[in-house]
>>> print(open('query_8.json').read())   # JSON, C-alpha atoms
[["chain", "number", "residue", "atom", "x", "y", "z"],
["A", 1, "MET", "CA", 31.32, 33.67, 24.53],
["A", 2, "HIS", "CA", 30.19, 31.19, 21.87],
["A", 3, "THR", "CA", 33.01, 32.32, 19.53],
["A", 4, "LEU", "CA", 35.56, 31.84, 22.31],
["A", 5, "ARG", "CA", 34.36, 28.27, 22.88],
["A", 6, "LEU", "CA", 34.58, 27.53, 19.16],
["A", 7, "LEU", "CA", 38.10, 28.95, 18.98],
["A", 8, "LEU", "CA", 39.14, 26.95, 22.05],
["A", 9, "ALA", "CA", 37.62, 23.78, 20.59],
["A", 10, "ALA", "CA", 39.35, 24.38, 17.25],
["A", 11, "TRP", "CA", 42.70, 24.98, 18.96],
["A", 12, "LEU", "CA", 42.28, 21.84, 21.06],
["A", 13, "TRP", "CA", 41.40, 19.81, 17.93],
["A", 14, "VAL", "CA", 44.51, 21.06, 16.12],
["A", 15, "ALA", "CA", 46.73, 20.48, 19.16],
["A", 16, "LEU", "CA", 45.49, 16.92, 19.62],
["A", 17, "GLY", "CA", 45.82, 16.20, 15.89],
["A", 18, "THR", "CA", 49.39, 17.47, 15.91],
["A", 19, "ALA", "CA", 50.23, 15.43, 18.99],
["A", 20, "TRP", "CA", 48.74, 12.31, 17.41],
["A", 21, "ALA", "CA", 50.70, 12.83, 14.19],
["A", 22, "GLN", "CA", 53.93, 13.07, 16.16],
["A", 23, "ASP", "CA", 53.31, 9.71, 17.85],
["A", 24, "VAL", "CA", 53.85, 7.65, 14.70],
["A", 25, "LEU", "CA", 56.56, 5.03, 14.82],
["A", 26, "PRO", "CA", 59.87, 6.48, 13.69],
["A", 27, "VAL", "CA", 61.59, 4.96, 10.68],
["A", 28, "PRO", "CA", 64.61, 2.99, 11.94],
["A", 29, "ALA", "CA", 68.01, 3.35, 10.36],
["A", 30, "LEU", "CA", 68.68, 0.94, 7.50],
["A", 31, "THR", "CA", 71.48, -1.09, 9.06],
["A", 32, "ALA", "CA", 70.98, -4.55, 7.54],
["A", 33, "ARG", "CA", 68.89, -6.51, 5.05],
["A", 34, "VAL", "CA", 66.96, -8.02, 7.97],
["A", 35, "ILE", "CA", 66.00, -5.72, 10.84],
["A", 36, "ASP", "CA", 64.12, -7.49, 13.62],
["A", 37, "GLN", "CA", 63.01, -5.06, 16.31],
["A", 38, "THR", "CA", 60.80, -7.76, 17.85],
["A", 39, "GLY", "CA", 63.57, -10.22, 18.79],
["A", 40, "THR", "CA", 61.63, -12.97, 17.00],
["A", 41, "LEU", "CA", 64.43, -14.32, 14.81],
["A", 42, "ASP", "CA", 67.49, -15.83, 16.43],
["A", 43, "THR", "CA", 70.98, -15.02, 15.19],
["A", 44, "ALA", "CA", 71.20, -18.08, 12.93],
["A", 45, "GLN", "CA", 67.80, -17.41, 11.32],
["A", 46, "ARG", "CA", 68.59, -13.74, 10.77],
["A", 47, "SER", "CA", 72.03, -14.59, 9.33],
["A", 48, "ALA", "CA", 70.61, -17.22, 6.95],
["A", 49, "LEU", "CA", 68.00, -14.79, 5.64],
["A", 50, "GLU", "CA", 70.62, -12.01, 5.35],
["A", 51, "ALA", "CA", 72.91, -14.32, 3.36],
["A", 52, "LYS", "CA", 70.09, -15.34, 1.00],
["A", 53, "LEU", "CA", 69.14, -11.70, 0.38],
["A", 54, "ALA", "CA", 72.78, -10.62, -0.12],
["A", 55, "ALA", "CA", 73.43, -13.44, -2.61],
["A", 56, "PHE", "CA", 70.29, -12.55, -4.57],
["A", 57, "GLU", "CA", 71.20, -8.87, -4.65],
["A", 58, "GLN", "CA", 74.74, -9.63, -5.81],
["A", 59, "ALA", "CA", 73.60, -12.08, -8.50],
["A", 60, "SER", "CA", 70.49, -10.30, -9.77],
["A", 61, "GLY", "CA", 70.65, -6.67, -8.64],
["A", 62, "PRO", "CA", 67.29, -6.02, -6.94],
["A", 63, "GLN", "CA", 67.45, -5.41, -3.20],
["A", 64, "ILE", "CA", 65.00, -7.00, -0.74],
["A", 65, "VAL", "CA", 64.85, -5.85, 2.89],
["A", 66, "VAL", "CA", 62.83, -7.32, 5.78],
["A", 67, "LEU", "CA", 61.69, -5.15, 8.70],
["A", 68, "MET", "CA", 59.96, -6.62, 11.74],
["A", 69, "VAL", "CA", 58.40, -4.20, 14.23],
["A", 70, "PRO", "CA", 56.10, -4.88, 17.18],
["A", 71, "SER", "CA", 53.41, -2.54, 15.82],
["A", 72, "THR", "CA", 52.89, 0.29, 13.37],
["A", 73, "GLN", "CA", 50.08, 1.87, 15.41],
["A", 74, "PRO", "CA", 48.59, 4.44, 15.26],
["A", 75, "GLU", "CA", 49.45, 4.22, 11.57],
["A", 76, "ASP", "CA", 48.23, 1.40, 9.34],
["A", 77, "ILE", "CA", 50.90, -0.91, 7.98],
["A", 78, "SER", "CA", 50.51, 0.34, 4.41],
["A", 79, "SER", "CA", 51.24, 3.97, 5.37],
["A", 80, "TYR", "CA", 54.14, 2.93, 7.60],
["A", 81, "ALA", "CA", 55.67, 0.69, 4.90],
["A", 82, "GLN", "CA", 55.41, 3.53, 2.39],
["A", 83, "ARG", "CA", 57.18, 5.92, 4.80],
["A", 84, "VAL", "CA", 59.95, 3.38, 5.39],
["A", 85, "ALA", "CA", 60.35, 2.71, 1.65],
["A", 86, "ASP", "CA", 60.45, 6.44, 0.90],
["A", 87, "SER", "CA", 63.06, 6.99, 3.59],
["A", 88, "TRP", "CA", 65.28, 4.00, 2.82],
["A", 89, "LYS", "CA", 65.13, 4.18, -0.99],
["A", 90, "ILE", "CA", 65.81, 0.45, -1.33],
["A", 91, "GLY", "CA", 67.19, -0.82, -4.61],
["A", 92, "ARG", "CA", 69.47, 0.60, -7.24],
["A", 93, "ARG", "CA", 68.94, 4.33, -7.70],
["A", 94, "GLU", "CA", 69.03, 4.24, -11.50],
["A", 95, "VAL", "CA", 66.67, 1.25, -11.70],
["A", 96, "GLY", "CA", 64.34, 1.59, -8.70],
["A", 97, "ASP", "CA", 64.20, -2.13, -8.01],
["A", 98, "GLY", "CA", 63.74, -2.44, -4.27],
["A", 99, "LEU", "CA", 61.28, -4.50, -2.29],
["A", 100, "LEU", "CA", 60.39, -4.16, 1.39],
["A", 101, "ILE", "CA", 58.65, -6.73, 3.58],
["A", 102, "VAL", "CA", 57.22, -5.19, 6.75],
["A", 103, "VAL", "CA", 55.94, -7.41, 9.54],
["A", 104, "ALA", "CA", 53.97, -5.77, 12.37],
["A", 105, "LYS", "CA", 54.03, -8.78, 14.67],
["A", 106, "ASN", "CA", 51.65, -7.69, 17.43],
["A", 107, "ASP", "CA", 49.22, -6.22, 14.88],
["A", 108, "ARG", "CA", 49.32, -9.49, 12.90],
["A", 109, "ARG", "CA", 49.88, -7.57, 9.70],
["A", 110, "VAL", "CA", 52.34, -8.01, 6.81],
["A", 111, "ARG", "CA", 52.95, -5.70, 3.88],
["A", 112, "ILE", "CA", 55.07, -6.18, 0.77],
["A", 113, "GLU", "CA", 56.03, -2.77, -0.62],
["A", 114, "VAL", "CA", 57.30, -2.95, -4.21],
["A", 115, "ALA", "CA", 59.27, -0.29, -6.08],
["A", 116, "LYS", "CA", 58.08, 0.79, -9.51],
["A", 117, "ALA", "CA", 60.52, -1.34, -11.53],
["A", 118, "LEU", "CA", 59.33, -4.54, -9.84],
["A", 119, "GLU", "CA", 55.58, -3.94, -10.08],
["A", 120, "GLY", "CA", 55.39, -6.16, -13.18],
["A", 121, "ALA", "CA", 57.11, -9.03, -11.40],
["A", 122, "VAL", "CA", 55.28, -8.58, -8.10],
["A", 123, "PRO", "CA", 51.89, -6.93, -8.66],
["A", 124, "ASP", "CA", 49.60, -6.30, -5.69],
["A", 125, "LEU", "CA", 47.69, -9.55, -6.25],
["A", 126, "ALA", "CA", 50.90, -11.61, -6.25],
["A", 127, "ALA", "CA", 52.11, -9.86, -3.08],
["A", 128, "ARG", "CA", 48.78, -10.64, -1.39],
["A", 129, "GLN", "CA", 48.98, -14.29, -2.47],
["A", 130, "ILE", "CA", 52.54, -14.61, -1.15],
["A", 131, "ILE", "CA", 51.40, -13.23, 2.19],
["A", 132, "ASP", "CA", 48.34, -15.51, 2.28],
["A", 133, "ARG", "CA", 50.04, -18.70, 1.07],
["A", 134, "ALA", "CA", 53.63, -18.49, 2.34],
["A", 135, "ILE", "CA", 53.79, -16.09, 5.27],
["A", 136, "THR", "CA", 50.47, -16.39, 7.11],
["A", 137, "PRO", "CA", 50.35, -20.20, 7.48],
["A", 138, "ALA", "CA", 53.96, -20.34, 8.72],
["A", 139, "PHE", "CA", 53.45, -17.41, 11.11],
["A", 140, "ARG", "CA", 50.32, -19.08, 12.54],
["A", 141, "ALA", "CA", 52.42, -22.18, 13.20],
["A", 142, "GLY", "CA", 55.02, -20.01, 14.98],
["A", 143, "ASP", "CA", 57.58, -20.40, 12.19],
["A", 144, "PHE", "CA", 58.44, -16.77, 11.43],
["A", 145, "ALA", "CA", 61.81, -17.58, 9.86],
["A", 146, "GLY", "CA", 60.24, -20.24, 7.64],
["A", 147, "GLY", "CA", 57.46, -17.92, 6.51],
["A", 148, "LEU", "CA", 59.87, -15.13, 5.66],
["A", 149, "SER", "CA", 62.24, -17.52, 3.90],
["A", 150, "ALA", "CA", 59.43, -19.02, 1.80],
["A", 151, "ALA", "CA", 58.16, -15.55, 0.90],
["A", 152, "VAL", "CA", 61.65, -14.39, -0.07],
["A", 153, "ASP", "CA", 62.15, -17.51, -2.22],
["A", 154, "THR", "CA", 58.86, -16.87, -4.03],
["A", 155, "LEU", "CA", 59.63, -13.16, -4.49],
["A", 156, "MET", "CA", 63.10, -13.90, -5.85],
["A", 157, "ALA", "CA", 61.68, -16.45, -8.31],
["A", 158, "ARG", "CA", 59.09, -13.95, -9.55],
["A", 159, "ILE", "CA", 61.72, -11.22, -9.92],
["A", 160, "LYS", "CA", 64.10, -13.53, -11.80],
["A", 161, "GLY", "CA", 61.30, -14.56, -14.16],
["A", 162, "GLU", "CA", 60.41, -10.96, -14.92],
["A", 163, "GLY", "CA", 63.76, -10.30, -16.57],
["A", 164, "LEU", "CA", 63.66, -13.28, -18.93],
["A", 165, "PRO", "CA", 63.54, -12.46, -22.63],
["A", 166, "LEU", "CA", 60.49, -13.54, -24.57],
["A", 167, "PRO", "CA", 61.02, -16.80, -26.46],
["A", 168, "GLU", "CA", 61.82, -16.32, -30.11],
["A", 169, "ALA", "CA", 59.13, -17.29, -32.55],
["A", 170, "ARG", "CA", 59.92, -20.50, -34.39],
["A", 171, "ALA", "CA", 59.65, -20.64, -38.13],
["A", 172, "PRO", "CA", 56.86, -22.99, -39.32]]
>>> encode(input="query_8.json", output="structure tokens")
Amino acid sequence: MHTLRLLLAAWLWVALGTAWAQDVLPVPALTARVIDQTGTLDTAQRSALEAKLAAFEQASGPQIVVLMVPSTQPEDISSYAQRVADSWKIGRREVGDGLLIVVAKNDRRVRIEVAKALEGAVPDLAARQIIDRAITPAFRAGDFAGGLSAAVDTLMARIKGEGLPLPEARAP
């Protein structure tokens, strides 16, 4: 009888774990450079951000995408952002220079997911500072478009600076 209870408990544990794993937020289709599933940005704000991202991609090459979702629960934002980045494969295939900004509005969480080629330009500390200094204050003031635009401007500047050649040494 004790063995039967243990087997039943183990089966229930596995069944609940499987059910929980299936409840994660699905990765949306990559249909634009700015995907707002929260309805936070109006058409003009979304279009302005899209245009800025498209111009940067055309001029510099790296691709930046913004995804706004209501929540990433039951998954943490880091795991969700990684799943989205793995699925979308943002950036040029041969270079691996994509960057993803995920906003989980109701969770009050933001994540900047950086592809390998851009880790020098946007290390984890820089991403955290951009979130803390550009995004969070604007979001707290209700200016989501402004926060995203400021973050994108800072990210683009960092990425552009990464590709600059080192200055040549001057002869004494």
>>> residues_around(input="query_8.json", residues="Arg92 in chain A", least_positions_apart="6", cutoff="9 Å", atoms="only C-alpha atoms", output="MDAnalysis selection string")
chainID A and resid 61:63 98
>>> residues_around(input="query_8.json", residues="range 120-129 of chain A", least_positions_apart="4", cutoff="8 Å", atoms="all atoms listed in the file", output="list of chain:residue names")
A:Ile112, A:Val114, A:Arg133, A:Ala134, A:Leu155, A:Arg158, A:Ile159, A:Gly161, A:Glu162
>>> residues_around(input="query_8.json", residues="Leu49 in chain A", least_positions_apart="2", cutoff="9 Å", atoms="all atoms listed in the file", output="MDAnalysis selection string")
chainID A and resid 33:34 44:47 51:54 145 148:149 152
>>> closest_residue(input="query_8.json", among="A:Ala59, A:Met68, A:Val84, A:Phe144", to="Glu113 in chain A", atoms="all atoms listed in the file")
A:Val84
>>> closest_residue(input="query_8.json", among="A:Asp23, A:Asp42, A:Asp76, A:Glu119", to="Asp143 in chain A", atoms="only C-alpha atoms")
A:Asp42
>>> closest_residue(input="query_8.json", among="A:Ile90, A:Ile131, A:Val69, A:Val24", to="Val103 in chain A", atoms="only C-alpha atoms")
A:Val69
>>> residues_around(input="query_8.json", residues="Gln37 in chain A", least_positions_apart="3", cutoff="10 Å", atoms="only C-alpha atoms", output="PyMOL selection string")
chain A and resi 28+34+40-41+67-71+104-105
>>> closest_residue(input="query_8.json", among="A:Leu118, A:Asp132, A:Gly146, A:Asn106", to="Gln73 in chain A", atoms="all atoms listed in the file")
A:Asn106
>>> atom_distance(input="query_8.json", atom1="CA of Pro26 in chain A", atom2="CA of Ile101 in chain A")
16.7 Å
>>> atom_distance(input="query_8.json", atom1="CA of Ala115 in chain A", atom2="CA of Asp153 in chain A")
17.9 Å
>>> atom_distance(input="query_8.json", atom1="CA of Val65 in chain A", atom2="CA of Leu100 in chain A")
5.0 Å
>>> closest_residue(input="query_8.json", among="A:Gln58, A:Arg109, A:Glu50, A:Ser87", to="Leu30 in chain A", atoms="all atoms listed in the file")
A:Ser87
